[in-house]
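Structure data (mmCIF, C-alpha atoms and all ligand atoms) from protein-v4.cif:
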data_target
#
loop_
_atom_site.group_PDB
_atom_site.id
_atom_site.type_symbol
_atom_site.label_atom_id
_atom_site.label_comp_id
_atom_site.auth_asym_id
_atom_site.auth_seq_id
_atom_site.Cartn_x
_atom_site.Cartn_y
_atom_site.Cartn_z
ATOM 1 C CA MET A 1157 39.645 39.049 -55.780
ATOM 2 C CA SER A 1158 37.669 36.088 -57.205
ATOM 3 C CA SER A 1159 34.432 35.158 -55.391
ATOM 4 C CA SER A 1160 35.032 31.403 -55.867
ATOM 5 C CA LYS A 1161 36.411 29.537 -52.848
ATOM 6 C CA THR A 1162 40.098 28.799 -52.650
ATOM 7 C CA ASN A 1163 41.257 25.200 -52.253
ATOM 8 C CA GLN A 1164 42.194 25.875 -48.663
ATOM 9 C CA GLU A 1165 38.738 27.263 -47.848
ATOM 10 C CA GLU A 1166 37.118 24.183 -49.384
ATOM 11 C CA ILE A 1167 39.374 21.821 -47.441
ATOM 12 C CA LYS A 1168 38.583 23.725 -44.231
ATOM 13 C CA GLU A 1169 34.818 23.537 -44.907
ATOM 14 C CA LYS A 1170 35.004 19.822 -45.611
ATOM 15 C CA GLY A 1171 36.922 19.347 -42.367
ATOM 16 C CA VAL A 1172 34.203 21.200 -40.412
ATOM 17 C CA GLU A 1173 31.451 19.147 -42.119
ATOM 18 C CA LYS A 1174 33.255 15.904 -41.257
ATOM 19 C CA GLU A 1175 33.689 16.989 -37.645
ATOM 20 C CA GLN A 1176 29.965 17.875 -37.396
ATOM 21 C CA GLU A 1177 29.012 14.514 -38.930
ATOM 22 C CA LYS A 1178 31.268 12.743 -36.416
ATOM 23 C CA ASN A 1179 29.631 14.623 -33.515
ATOM 24 C CA VAL A 1180 26.119 13.668 -34.686
ATOM 25 C CA ILE A 1181 27.153 10.004 -34.985
ATOM 26 C CA GLU A 1182 28.764 10.065 -31.535
ATOM 27 C CA GLU A 1183 25.629 11.663 -30.016
ATOM 28 C CA GLU A 1184 23.350 9.112 -31.668
ATOM 29 C CA THR A 1185 25.603 6.229 -30.574
ATOM 30 C CA GLU A 1186 25.434 7.498 -26.979
ATOM 31 C CA LYS A 1187 21.621 7.690 -27.208
ATOM 32 C CA GLU A 1188 21.510 4.126 -28.588
ATOM 33 C CA LYS A 1189 23.727 2.940 -25.727
ATOM 34 C CA GLU A 1190 21.385 4.541 -23.176
ATOM 35 C CA ILE A 1191 18.368 2.848 -24.741
ATOM 36 C CA GLN A 1192 20.188 -0.503 -24.768
ATOM 37 C CA LYS A 1193 21.123 -0.019 -21.071
ATOM 38 C CA GLU A 1194 17.470 0.607 -20.167
ATOM 39 C CA THR A 1195 16.405 -2.587 -21.945
ATOM 40 C CA GLU A 1196 19.203 -4.574 -20.274
ATOM 41 C CA ASN A 1197 17.608 -3.783 -16.892
ATOM 42 C CA ASP A 1198 14.245 -4.964 -18.194
ATOM 43 C CA PRO A 1199 14.738 -8.180 -20.188
ATOM 44 C CA ASN A 1200 11.128 -8.103 -21.404
ATOM 45 C CA LYS A 1201 11.511 -4.730 -23.068
ATOM 46 C CA LYS A 1202 12.131 -4.975 -26.831
ATOM 47 C CA LYS A 1203 15.511 -3.615 -27.965
ATOM 48 C CA LYS A 1204 15.802 -1.151 -30.828
ATOM 49 C CA MET A 1205 17.319 -2.402 -34.067
ATOM 50 C CA PRO A 1206 20.714 -0.823 -34.864
ATOM 51 C CA LYS A 1207 20.730 1.832 -37.572
ATOM 52 C CA ILE A 1208 22.898 1.029 -40.594
ATOM 53 C CA ASN A 1209 23.844 4.709 -40.939
ATOM 54 C CA LEU A 1210 25.734 4.609 -37.662
ATOM 55 C CA PHE A 1211 27.878 1.726 -38.884
ATOM 56 C CA ARG A 1212 29.004 3.027 -42.290
ATOM 57 C CA GLN A 1213 32.669 2.513 -43.148
ATOM 58 C CA LYS A 1214 34.736 3.289 -46.223
ATOM 59 C CA ALA A 1215 34.304 0.518 -48.763
ATOM 60 C CA HIS A 1216 37.812 -0.559 -49.604
ATOM 61 C CA MET A 1217 40.152 -2.195 -47.132
ATOM 62 C CA ASN A 1218 43.386 -3.940 -48.057
ATOM 63 C CA PRO A 1219 42.478 -7.662 -48.123
ATOM 64 C CA LEU A 1220 46.160 -8.633 -48.161
ATOM 65 C CA SER A 1221 46.535 -7.181 -44.690
ATOM 66 C CA LEU A 1222 46.286 -9.243 -41.534
ATOM 67 C CA ARG A 1223 45.290 -6.368 -39.298
ATOM 68 C CA GLN A 1224 41.512 -6.457 -39.550
ATOM 69 C CA MET A 1225 40.248 -9.216 -37.323
ATOM 70 C CA ASP A 1226 38.665 -9.792 -33.966
ATOM 71 C CA PHE A 1227 40.259 -13.083 -33.004
ATOM 72 C CA ASN A 1228 43.701 -14.281 -32.038
ATOM 73 C CA LEU A 1229 45.770 -15.416 -35.017
ATOM 74 C CA SER A 1230 47.515 -18.173 -33.104
ATOM 75 C CA ILE A 1231 44.199 -19.953 -32.883
ATOM 76 C CA ARG A 1232 43.483 -23.305 -34.570
ATOM 77 C CA PRO A 1233 39.930 -24.261 -35.656
ATOM 78 C CA GLN A 1234 39.703 -26.737 -32.782
ATOM 79 C CA ASP A 1235 40.631 -23.972 -30.300
ATOM 80 C CA MET A 1236 37.867 -21.619 -31.414
ATOM 81 C CA ASN A 1237 35.263 -21.164 -28.713
ATOM 82 C CA TRP A 1238 32.262 -21.414 -31.055
ATOM 83 C CA LYS A 1239 29.839 -21.386 -28.112
ATOM 84 C CA GLU A 1240 30.658 -17.702 -27.758
ATOM 85 C CA TYR A 1241 29.120 -17.230 -31.213
ATOM 86 C CA TYR A 1242 26.398 -19.902 -31.091
ATOM 87 C CA PRO A 1243 25.160 -20.371 -27.505
ATOM 88 C CA ASN A 1244 23.223 -23.556 -28.371
ATOM 89 C CA MET A 1245 25.982 -25.285 -30.320
ATOM 90 C CA GLU A 1246 26.485 -28.827 -29.043
ATOM 91 C CA LYS A 1247 29.747 -30.740 -28.916
ATOM 92 C CA GLY A 1248 30.450 -32.270 -32.341
ATOM 93 C CA GLU A 1249 28.464 -29.581 -34.183
ATOM 94 C CA HIS A 1250 30.216 -27.058 -36.411
ATOM 95 C CA VAL A 1251 29.731 -24.155 -38.816
ATOM 96 C CA ASP A 1252 28.230 -25.416 -42.105
ATOM 97 C CA PHE A 1253 27.859 -22.298 -44.256
ATOM 98 C CA ALA A 1254 30.194 -19.310 -44.756
ATOM 99 C CA ASP A 1255 29.110 -15.983 -46.238
ATOM 100 C CA ILE A 1256 32.384 -14.399 -47.312
ATOM 101 C CA GLY A 1257 32.291 -10.587 -47.350
ATOM 102 C CA CYS A 1258 28.864 -10.673 -45.691
ATOM 103 C CA GLY A 1259 28.544 -6.865 -45.550
ATOM 104 C CA TYR A 1260 25.475 -5.909 -43.491
ATOM 105 C CA GLY A 1261 24.418 -9.563 -43.255
ATOM 106 C CA GLY A 1262 21.116 -9.685 -45.188
ATOM 107 C CA LEU A 1263 21.760 -13.238 -46.387
ATOM 108 C CA LEU A 1264 22.603 -14.551 -42.895
ATOM 109 C CA PHE A 1265 19.194 -13.621 -41.491
ATOM 110 C CA LYS A 1266 17.476 -15.483 -44.334
ATOM 111 C CA LEU A 1267 19.757 -18.524 -43.904
ATOM 112 C CA SER A 1268 18.854 -18.613 -40.215
ATOM 113 C CA GLU A 1269 15.154 -19.001 -41.057
ATOM 114 C CA MET A 1270 15.627 -21.365 -44.017
ATOM 115 C CA PHE A 1271 18.148 -23.686 -42.373
ATOM 116 C CA PRO A 1272 17.321 -23.831 -38.646
ATOM 117 C CA ASN A 1273 19.570 -26.891 -38.221
ATOM 118 C CA ASN A 1274 22.654 -25.413 -39.832
ATOM 119 C CA TYR A 1275 25.153 -22.912 -38.460
ATOM 120 C CA SER A 1276 26.165 -19.990 -40.687
ATOM 121 C CA ILE A 1277 29.002 -17.518 -40.209
ATOM 122 C CA GLY A 1278 29.434 -14.165 -41.923
ATOM 123 C CA LEU A 1279 33.055 -13.131 -42.491
ATOM 124 C CA GLU A 1280 33.542 -9.403 -42.940
ATOM 125 C CA ILE A 1281 36.783 -7.418 -43.091
ATOM 126 C CA ARG A 1282 35.266 -4.042 -42.079
ATOM 127 C CA GLY A 1283 35.011 -3.730 -38.300
ATOM 128 C CA LYS A 1284 32.097 -1.318 -38.087
ATOM 129 C CA VAL A 1285 30.088 -3.250 -40.678
ATOM 130 C CA CYS A 1286 30.710 -6.491 -38.812
ATOM 131 C CA SER A 1287 29.685 -4.803 -35.521
ATOM 132 C CA PHE A 1288 26.381 -3.882 -37.143
ATOM 133 C CA VAL A 1289 25.698 -7.542 -38.031
ATOM 134 C CA LYS A 1290 26.616 -8.695 -34.526
ATOM 135 C CA GLU A 1291 24.476 -5.992 -32.932
ATOM 136 C CA LYS A 1292 21.501 -6.847 -35.159
ATOM 137 C CA ILE A 1293 21.826 -10.553 -34.291
ATOM 138 C CA SER A 1294 22.035 -9.706 -30.595
ATOM 139 C CA VAL A 1295 18.919 -7.480 -30.744
ATOM 140 C CA LEU A 1296 16.946 -10.085 -32.693
ATOM 141 C CA ARG A 1297 17.968 -12.844 -30.263
ATOM 142 C CA HIS A 1298 16.726 -10.651 -27.420
ATOM 143 C CA ASN A 1299 13.467 -9.612 -29.104
ATOM 144 C CA GLU A 1300 12.573 -12.983 -30.628
ATOM 145 C CA LYS A 1301 13.605 -15.472 -27.978
ATOM 146 C CA GLY A 1302 14.994 -18.758 -29.332
ATOM 147 C CA LYS A 1303 15.582 -17.389 -32.813
ATOM 148 C CA TYR A 1304 18.746 -16.415 -34.729
ATOM 149 C CA LEU A 1305 20.941 -18.600 -32.508
ATOM 150 C CA ASN A 1306 22.428 -20.336 -35.561
ATOM 151 C CA ILE A 1307 24.036 -17.291 -37.200
ATOM 152 C CA SER A 1308 26.989 -15.146 -36.230
ATOM 153 C CA ALA A 1309 29.655 -12.882 -37.705
ATOM 154 C CA LEU A 1310 33.395 -12.478 -37.377
ATOM 155 C CA GLN A 1311 35.560 -9.575 -38.395
ATOM 156 C CA THR A 1312 38.316 -11.119 -40.420
ATOM 157 C CA ASN A 1313 40.169 -11.118 -43.691
ATOM 158 C CA ALA A 1314 38.804 -14.234 -45.376
ATOM 159 C CA MET A 1315 41.702 -14.252 -47.849
ATOM 160 C CA ARG A 1316 44.168 -14.896 -45.043
ATOM 161 C CA THR A 1317 42.495 -16.633 -42.142
ATOM 162 C CA LEU A 1318 40.211 -19.524 -43.189
ATOM 163 C CA PRO A 1319 42.708 -22.185 -41.971
ATOM 164 C CA HIS A 1320 42.296 -20.760 -38.463
ATOM 165 C CA LEU A 1321 38.544 -21.251 -38.596
ATOM 166 C CA PHE A 1322 37.638 -24.381 -40.546
ATOM 167 C CA VAL A 1323 38.897 -27.930 -40.992
ATOM 168 C CA LYS A 1324 39.112 -30.080 -44.112
ATOM 169 C CA ARG A 1325 35.732 -30.955 -45.697
ATOM 170 C CA GLN A 1326 33.727 -28.949 -43.141
ATOM 171 C CA LEU A 1327 31.638 -26.491 -45.168
ATOM 172 C CA SER A 1328 28.692 -27.405 -47.354
ATOM 173 C CA LYS A 1329 28.003 -23.918 -48.755
ATOM 174 C CA ILE A 1330 30.188 -20.870 -49.387
ATOM 175 C CA PHE A 1331 28.634 -17.618 -50.596
ATOM 176 C CA PHE A 1332 30.314 -14.765 -52.467
ATOM 177 C CA LEU A 1333 27.564 -12.201 -52.940
ATOM 178 C CA PHE A 1334 28.499 -9.066 -54.846
ATOM 179 C CA PRO A 1335 32.216 -9.190 -53.978
ATOM 180 C CA ASP A 1336 34.336 -6.082 -54.548
ATOM 181 C CA PRO A 1337 35.219 -6.013 -58.278
ATOM 182 C CA GLU A 1338 38.764 -4.608 -57.831
ATOM 183 C CA PHE A 1339 39.019 -3.187 -61.354
ATOM 184 C CA LYS A 1340 42.506 -1.688 -61.157
ATOM 185 C CA LYS A 1341 45.231 -3.884 -62.633
ATOM 186 C CA ARG A 1342 47.402 -3.755 -59.522
ATOM 187 C CA LYS A 1343 44.398 -4.734 -57.349
ATOM 188 C CA ILE A 1344 43.292 -7.787 -59.331
ATOM 189 C CA LYS A 1345 45.230 -9.877 -56.811
ATOM 190 C CA TRP A 1346 42.717 -8.680 -54.191
ATOM 191 C CA ARG A 1347 39.839 -10.512 -55.889
ATOM 192 C CA ILE A 1348 38.255 -13.068 -53.602
ATOM 193 C CA ILE A 1349 38.250 -15.789 -56.284
ATOM 194 C CA SER A 1350 41.496 -17.012 -57.843
ATOM 195 C CA GLN A 1351 43.023 -20.424 -58.550
ATOM 196 C CA GLU A 1352 44.985 -20.310 -55.265
ATOM 197 C CA LEU A 1353 41.963 -19.335 -53.184
ATOM 198 C CA LEU A 1354 39.734 -21.884 -54.946
ATOM 199 C CA ALA A 1355 42.190 -24.612 -53.906
ATOM 200 C CA GLU A 1356 41.748 -23.418 -50.332
ATOM 201 C CA TYR A 1357 37.937 -23.239 -50.592
ATOM 202 C CA ALA A 1358 37.891 -26.760 -52.127
ATOM 203 C CA TYR A 1359 39.910 -28.047 -49.159
ATOM 204 C CA PHE A 1360 37.348 -26.749 -46.647
ATOM 205 C CA MET A 1361 34.314 -27.950 -48.607
ATOM 206 C CA LYS A 1362 32.408 -31.217 -48.405
ATOM 207 C CA SER A 1363 32.021 -33.210 -51.595
ATOM 208 C CA GLY A 1364 28.718 -32.020 -53.120
ATOM 209 C CA GLY A 1365 29.017 -28.643 -51.340
ATOM 210 C CA ILE A 1366 28.190 -25.554 -53.385
ATOM 211 C CA ILE A 1367 29.947 -22.241 -54.051
ATOM 212 C CA TYR A 1368 27.450 -19.487 -54.892
ATOM 213 C CA THR A 1369 28.645 -16.361 -56.711
ATOM 214 C CA ILE A 1370 26.617 -13.379 -57.855
ATOM 215 C CA THR A 1371 27.605 -9.918 -59.086
ATOM 216 C CA ASP A 1372 26.275 -7.056 -61.176
ATOM 217 C CA VAL A 1373 29.688 -6.561 -62.802
ATOM 218 C CA TYR A 1374 29.906 -8.678 -65.957
ATOM 219 C CA LYS A 1375 33.729 -8.594 -66.065
ATOM 220 C CA LEU A 1376 33.927 -9.950 -62.528
ATOM 221 C CA HIS A 1377 31.310 -12.601 -63.329
ATOM 222 C CA SER A 1378 33.422 -13.835 -66.279
ATOM 223 C CA TRP A 1379 36.495 -13.847 -64.032
ATOM 224 C CA MET A 1380 34.832 -15.862 -61.251
ATOM 225 C CA LYS A 1381 33.078 -18.276 -63.612
ATOM 226 C CA GLY A 1382 36.239 -18.700 -65.693
ATOM 227 C CA HIS A 1383 38.322 -19.576 -62.644
ATOM 228 C CA LEU A 1384 35.710 -22.010 -61.339
ATOM 229 C CA GLU A 1385 35.468 -23.695 -64.764
ATOM 230 C CA GLN A 1386 39.235 -24.061 -64.921
ATOM 231 C CA HIS A 1387 39.482 -25.622 -61.480
ATOM 232 C CA PRO A 1388 39.535 -29.435 -61.541
ATOM 233 C CA LEU A 1389 37.587 -29.771 -58.262
ATOM 234 C CA PHE A 1390 34.484 -27.775 -59.260
ATOM 235 C CA THR A 1391 31.715 -28.362 -61.761
ATOM 236 C CA GLU A 1392 28.872 -25.985 -62.625
ATOM 237 C CA LEU A 1393 25.329 -26.799 -61.453
ATOM 238 C CA THR A 1394 23.148 -28.320 -64.154
ATOM 239 C CA LYS A 1395 20.108 -26.441 -65.464
ATOM 240 C CA GLU A 1396 17.850 -28.572 -63.209
ATOM 241 C CA GLU A 1397 20.050 -27.957 -60.179
ATOM 242 C CA TYR A 1398 19.886 -24.202 -60.770
ATOM 243 C CA GLN A 1399 16.097 -24.462 -61.096
ATOM 244 C CA ASN A 1400 15.613 -26.623 -58.009
ATOM 245 C CA ASP A 1401 17.911 -24.825 -55.563
ATOM 246 C CA PRO A 1402 15.813 -22.374 -53.471
ATOM 247 C CA LEU A 1403 18.958 -20.396 -52.640
ATOM 248 C CA ILE A 1404 19.298 -19.158 -56.212
ATOM 249 C CA ASN A 1405 16.389 -16.787 -55.674
ATOM 250 C CA VAL A 1406 17.576 -15.884 -52.170
ATOM 251 C CA ILE A 1407 21.075 -14.793 -53.234
ATOM 252 C CA SER A 1408 19.534 -12.627 -55.946
ATOM 253 C CA THR A 1409 17.227 -10.792 -53.537
ATOM 254 C CA GLU A 1410 18.202 -10.887 -49.850
ATOM 255 C CA SER A 1411 21.561 -9.168 -49.382
ATOM 256 C CA GLU A 1412 21.830 -5.392 -49.073
ATOM 257 C CA GLU A 1413 23.787 -5.215 -52.345
ATOM 258 C CA ALA A 1414 21.213 -7.392 -54.138
ATOM 259 C CA LYS A 1415 18.530 -4.937 -53.021
ATOM 260 C CA ARG A 1416 20.600 -1.946 -54.154
ATOM 261 C CA VAL A 1417 21.200 -3.486 -57.601
ATOM 262 C CA GLU A 1418 17.480 -4.330 -57.870
ATOM 263 C CA LYS A 1419 16.516 -0.744 -56.981
ATOM 264 C CA ASN A 1420 18.887 0.651 -59.612
ATOM 265 C CA GLY A 1421 17.607 -1.747 -62.279
ATOM 266 C CA GLY A 1422 21.010 -3.476 -62.624
ATOM 267 C CA THR A 1423 21.587 -6.945 -64.077
ATOM 268 C CA LYS A 1424 22.697 -9.789 -61.826
ATOM 269 C CA PHE A 1425 25.041 -12.516 -63.062
ATOM 270 C CA LEU A 1426 25.110 -15.849 -61.258
ATOM 271 C CA ALA A 1427 27.565 -18.724 -61.261
ATOM 272 C CA CYS A 1428 27.192 -21.668 -58.887
ATOM 273 C CA PHE A 1429 29.575 -24.614 -58.768
ATOM 274 C CA LYS A 1430 29.574 -27.926 -56.953
ATOM 275 C CA ARG A 1431 32.608 -29.360 -55.148
ATOM 276 C CA LYS A 1432 33.353 -32.739 -56.743
HETATM 277 C C1 LIG B 1501 30.137 -5.058 -52.130
HETATM 278 S S1 LIG B 1501 30.097 -5.675 -50.543
HETATM 279 C C2 LIG B 1501 28.855 -6.968 -50.592
HETATM 280 C C3 LIG B 1501 28.310 -7.262 -49.227
HETATM 281 C C4 LIG B 1501 27.262 -8.388 -49.159
HETATM 282 N N1 LIG B 1501 27.781 -9.655 -49.604
HETATM 283 C C5 LIG B 1501 26.024 -8.029 -49.933
HETATM 284 O O1 LIG B 1501 25.748 -8.683 -50.942
HETATM 285 O O2 LIG B 1501 25.323 -7.084 -49.506
HETATM 286 C C6 LIG B 1501 31.588 -6.651 -50.402
HETATM 287 C C7 LIG B 1501 31.970 -6.892 -48.953
HETATM 288 O O3 LIG B 1501 33.086 -7.757 -48.867
HETATM 289 C C8 LIG B 1501 33.920 -7.309 -47.805
HETATM 290 N N2 LIG B 1501 35.265 -7.856 -48.057
HETATM 291 C C9 LIG B 1501 36.118 -7.507 -49.052
HETATM 292 N N3 LIG B 1501 37.240 -8.242 -48.978
HETATM 293 C C10 LIG B 1501 37.111 -9.068 -47.904
HETATM 294 C C11 LIG B 1501 37.948 -10.051 -47.303
HETATM 295 N N4 LIG B 1501 39.148 -10.317 -47.797
HETATM 296 N N5 LIG B 1501 37.486 -10.708 -46.212
HETATM 297 C C12 LIG B 1501 36.265 -10.421 -45.694
HETATM 298 N N6 LIG B 1501 35.431 -9.499 -46.221
HETATM 299 C C13 LIG B 1501 35.845 -8.829 -47.307
HETATM 300 C C14 LIG B 1501 33.834 -5.800 -47.909
HETATM 301 O O4 LIG B 1501 34.214 -5.141 -46.723
HETATM 302 C C15 LIG B 1501 32.349 -5.615 -48.234
HETATM 303 O O5 LIG B 1501 31.560 -5.477 -47.080
#
Go ahead and render the structure in this file as structure tokens.
Amino acid sequence: MSSSKTNQEEIKEKGVEKEQEKNVIEEETEKEKEIQKETENDPNKKKKMPKINLFRQKAHMNPLSLRQMDFNLSIRPQDMNWKEYYPNMEKGEHVDFADIGCGYGGLLFKLSEMFPNNYSIGLEIRGKVCSFVKEKISVLRHNEKGKYLNISALQTNAMRTLPHLFVKRQLSKIFFLFPDPEFKKRKIKWRIISQELLAEYAYFMKSGGIIYTITDVYKLHSWMKGHLEQHPLFTELTKEEYQNDPLINVISTESEEAKRVEKNGGTKFLACFKRK
């Protein structure tokens, strides 16, 4: 008999490993919950920051699906209870910036500090990842009173649900940082930038508003830039505008993906366009 493992043995081992991993995560989550409970009873006690490892989720979700979201689909933008997300939001105020596919939310935290008078929302299709962002915001709001009240996150499929969230000419900045490249031919329709989606983004944007895109995948960069160039309602930032916009440096450095690409010595390709 051969000493190498049979397929069945390997499958069984993998199953056991997965089960053990799940148990560790469940145990750690329970511990976290206990710590959070203790701090709830003592509002002056600092809360512990959530650990990214406990919120990992498989990378690819079907963005054509309507299943992944944490709000009611019958809702209209005017019915959204934004106070639930931004406790200090006054009547007449609204979300200004959207970070589409915000992942673990690195950009949002920077936007909060840089633009204290603007509201930003992160839209993320993966439930666990979005829960991490919400948990981190909640802990920071608790630990640093009065801060991070202008950012929030929603689990949703941004390809399908923007009309439920925003009205015409509302947004002044939309970010697409390191979107999924969707290389396979049959998945190209999943890309977050296309002529149809640009028409939608243009509808929700103020004149003079900016779309920021960045990726480390050259093919995707050409795709996004090409589509933006083709669209009659967008024009690329001038050299001076690129130089003078402080967000150009931020989008290259602050998100979790930007940091990963930096660490691996990857190249980052930027394309930023203004809504006419
Ligand atoms: C490669 S990650 C980049 C995350 C983040 N922008 C960053 O730079 O760290 C792409 C993210 O987009 C999310 N995503 C993909 N399609 C989406 C969609 N249709 N709506 C909302 N989020 C989506 C994925 O779940 C993933 O977290």
Mind telling me what the PyMOL selection byres (((chain A and resi 1407) around 9) and not hetatm) catches here, as an MDAnalysis selection string? chainID A and resid 1263 1331 1333 1368:1370 1403:1406 1408:1411 1414
Explicit residue set for the PyMOL selection byres (((not hetatm)) within 8 of (chain B and resi 1501)), as a PyMOL selection string: chain A and resi 1215-1220+1255-1263+1279-1282+1285+1311-1316+1332-1336+1346-1348+1410-1415
Please enumerate the residues selected by the PyMOL selection byres (((chain A and resi 1248-1252) around 7) and not hetatm) when evaluated against the supplied file, formatted as an MDAnalysis selection string. chainID A and resid 1245:1247 1253:1254 1274:1277 1326:1329
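When only C-alpha atoms are used to measure the gap to Ser1294 in chain A, the shortest distance among A:Phe1425, A:Ile1330, A:Pro1243, A:Leu1229 belongs to A:Pro1243.
Excluding Phe1288 in chain A itself and same-chain residues fewer than 4 positions from it, the residues having an atom within 7 Å of it are Pro1206, Ile1208, Phe1211, Tyr1260, Lys1284 and Lys1292 of chain A, counting all atoms listed in the file.
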Taking 5 positions as the minimum chain separation for residues in the same chain, which residues sit within 10 Å of range 1349-1355 of chain A when counting all atoms listed in the file? Answer as a PyMOL selection string. chain A and resi 1314-1316+1332+1335+1344+1360+1367+1369+1376+1379-1384+1386-1390
Would you output that residue set with C-alpha atoms, as a PDB file, in the frame of the given file?
ATOM      1  CA  ALA A1314      38.804 -14.234 -45.376  1.00  0.00           C
ATOM      2  CA  MET A1315      41.702 -14.252 -47.849  1.00  0.00           C
ATOM      3  CA  ARG A1316      44.168 -14.896 -45.043  1.00  0.00           C
ATOM      4  CA  PHE A1332      30.314 -14.765 -52.467  1.00  0.00           C
ATOM      5  CA  PRO A1335      32.216  -9.190 -53.978  1.00  0.00           C
ATOM      6  CA  ILE A1344      43.292  -7.787 -59.331  1.00  0.00           C
ATOM      7  CA  PHE A1360      37.348 -26.749 -46.647  1.00  0.00           C
ATOM      8  CA  ILE A1367      29.947 -22.241 -54.051  1.00  0.00           C
ATOM      9  CA  THR A1369      28.645 -16.361 -56.711  1.00  0.00           C
ATOM     10  CA  LEU A1376      33.927  -9.950 -62.528  1.00  0.00           C
ATOM     11  CA  TRP A1379      36.495 -13.847 -64.032  1.00  0.00           C
ATOM     12  CA  MET A1380      34.832 -15.862 -61.251  1.00  0.00           C
ATOM     13  CA  LYS A1381      33.078 -18.276 -63.612  1.00  0.00           C
ATOM     14  CA  GLY A1382      36.239 -18.700 -65.693  1.00  0.00           C
ATOM     15  CA  HIS A1383      38.322 -19.576 -62.644  1.00  0.00           C
ATOM     16  CA  LEU A1384      35.710 -22.010 -61.339  1.00  0.00           C
ATOM     17  CA  GLN A1386      39.235 -24.061 -64.921  1.00  0.00           C
ATOM     18  CA  HIS A1387      39.482 -25.622 -61.480  1.00  0.00           C
ATOM     19  CA  PRO A1388      39.535 -29.435 -61.541  1.00  0.00           C
ATOM     20  CA  LEU A1389      37.587 -29.771 -58.262  1.00  0.00           C
ATOM     21  CA  PHE A1390      34.484 -27.775 -59.260  1.00  0.00           C
TER      22      PHE A1390
END
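Minimum atom-to-atom distances from A:Arg1297, A:Lys1430, A:Lys1341, A:Lys1324 to Phe1265 in chain A were compared using only C-alpha atoms, and the lowest value belongs to A:Arg1297.
As for CA of Gln1234 in chain A and CA of Leu1305 in chain A, they are spaced 20.5 Å apart.
Across A:Leu1296, A:Leu1210, A:Val1417, A:Leu1267, the tightest approach to Thr1371 in chain A is made by A:Val1417 when counting all atoms listed in the file.
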Here CA of Pro1199 in chain A and CA of Arg1212 in chain A stand apart by 28.6 Å
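Separating CA of Lys1290 in chain A from CA of Asn1209 in chain A is a distance of 15.1 Å.
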Per-axis box centre and lengths in Å around range 1284-1298 of chain A, 8 Å margin per side, axis-aligned, as lines of an AutoDock Vina configuration file:
center_x = 24.4
center_y = -7.1
center_z = -34.0
size_x = 31.4
size_y = 27.5
size_z = 29.3
Counting all atoms listed in the file, what is within 9 Å of Asn1299 in chain A, bar same-chain residues fewer than 4 positions away, as a PyMOL selection string? chain A and resi 1200-1204+1294-1295+1303
